[in-house]
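Beneath this line is the structure, given in structure tokens, with notes to follow.
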Amino acid sequence: MYVKKAEVKGRTRHELDRILCWLTGYTPAGLREQLQSDNDLEAFYAQAPAFHPNAALITSVVRVIRGEDIEHPLMRKIRYLDKLVYELTKDKAVEKILRG
């Protein structure tokens with residue numbers, strides 16, 4: 001789903017993979033392995049080697065709900081990724097998307 005969103009807006013799979021690796025701590029090989037597995041998002045995030053500490057700098061508001069105020073850890077992580085993909089599709093440079 002994220003790949004299609006990115007590619008429709010002229011961004012590459014490589015750029016999306018960089019963002020995913022930054023956020024989750026997966027290596028490119030580890031990310032490919034996860035994406036080829038039958039894991040759902042919960043397992044994907046649970047097995048992430050090191051969720052980036054600067055992810056807390058990602059802010060968003062969707063329907064008056066601030067992403068950083070979401071209490072459920074999995075939903076907050078999903079929202080972080082949604083926001084990063086949104087920024088990618090809005091032609092923001094990957095270096096600026098990766099906070100720090």
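Residue numbering restarts at 1 for every chain of the structure tokens, chains are lettered A, B, ... in their displayed order, and ligands are numbered from 1 as they appear.
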
Set the distance at 12 Å and use only C-alpha atoms: which residues neighbour Glu15 of chain A once local chain neighbours fewer than 3 positions away are removed? I'd like the list as an MDAnalysis selection string. chainID A and resid 2:3 6:7 10:12 18:22 28 84:85 87:89 91:95 97:98

Helix (DSSP H, G or I) per DSSP on the backbone: members of segment 36-88 of chain A, as an MDAnalysis selection string: chainID A and resid 36 41:46 53:57 67:69 73:88

Quick one: residues within 9 Å of Arg99 of chain A, only C-alpha atoms counted, chain neighbours fewer than 5 positions away excluded, as a list in words?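 Answer for this query is Asn54, Ala55, Leu57 and Ile58 of chain A.
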
Could you turn the residues from that selection into a file that holds N, CA and C atoms, as a PDB file, in the first residue's frame?
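Listed below is the output, out_7.pdb:
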ATOM      1  N   ASN A  54      14.044   9.554  17.523  1.00  0.00           N
ATOM      2  CA  ASN A  54      13.528  10.824  17.017  1.00  0.00           C
ATOM      3  C   ASN A  54      12.131  10.697  16.419  1.00  0.00           C
ATOM      4  N   ALA A  55      11.568   9.507  16.431  1.00  0.00           N
ATOM      5  CA  ALA A  55      10.193   9.341  15.948  1.00  0.00           C
ATOM      6  C   ALA A  55       9.242  10.201  16.770  1.00  0.00           C
ATOM      7  N   LEU A  57       9.547  13.105  17.445  1.00  0.00           N
ATOM      8  CA  LEU A  57       9.498  14.449  16.860  1.00  0.00           C
ATOM      9  C   LEU A  57       8.472  14.552  15.735  1.00  0.00           C
ATOM     10  N   ILE A  58       7.915  13.425  15.331  1.00  0.00           N
ATOM     11  CA  ILE A  58       6.927  13.402  14.252  1.00  0.00           C
ATOM     12  C   ILE A  58       5.585  13.825  14.828  1.00  0.00           C
TER      13      ILE A  58
END

DSSP on the backbone: what in chain A comes out strand (DSSP E or B), as a list in words? Val61, Val62, Ile65 and Arg66 of chain A

Keeping only N, CA and C atoms, write those residues as a JSON list (two decimals), in the first residue's frame.
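Output contents, as saved in part_37.json:
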[["chain", "number", "residue", "atom", "x", "y", "z"],
["A", 61, "VAL", "N", -1.83, 15.87, 12.76],
["A", 61, "VAL", "CA", -3.20, 16.00, 13.22],
["A", 61, "VAL", "C", -4.10, 15.45, 12.13],
["A", 62, "VAL", "N", -4.91, 14.47, 12.48],
["A", 62, "VAL", "CA", -5.89, 13.91, 11.56],
["A", 62, "VAL", "C", -7.23, 13.92, 12.27],
["A", 65, "ILE", "N", -7.27, 14.74, 15.94],
["A", 65, "ILE", "CA", -6.51, 13.86, 16.84],
["A", 65, "ILE", "C", -5.03, 14.02, 16.54],
["A", 66, "ARG", "N", -4.28, 14.46, 17.53],
["A", 66, "ARG", "CA", -2.84, 14.62, 17.37],
["A", 66, "ARG", "C", -2.18, 13.25, 17.45]]

Minimum-distance residue to Lys83 of chain A, chosen among A:Leu23, A:Thr59, A:His52, A:Asp17 (using only C-alpha atoms):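 For Lys83 of chain A, the nearest of the given residues is A:Thr59.
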
Counting only C-alpha atoms, what is within 12 Å of Gln34 of chain A, bar same-chain residues fewer than 5 positions away, as a PyMOL selection string? chain A and resi 17+20-21+24+26-29+39-49

Could you tell me which of A:Glu68, A:Ser60, A:Lys4, A:Pro53 comes closest to Asp82 of chain A if we count only C-alpha atoms?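 Closest to Asp82 of chain A, using only C-alpha atoms: A:Ser60.
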
Work out how far apart atom CA of Val8 of chain A and atom CA of Phe51 of chain A are and give it in Å to one decimal.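 So the two atoms, atom CA of Val8 of chain A and atom CA of Phe51 of chain A, lie 27.2 Å apart.
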
Between atom CA of Lys5 of chain A and atom CA of Ala50 of chain A, what is the spacing in Å? 25.1 Å

What does the distance between atom CA of Leu31 of chain A and atom CA of Lys77 of chain A come to in Å, to one decimal place? 16.1 Å

Using only C-alpha atoms: which of A:Asp38, A:Leu16, A:Arg63, A:Lys9 has the shortest distance to Leu81 of chain A: A:Leu16
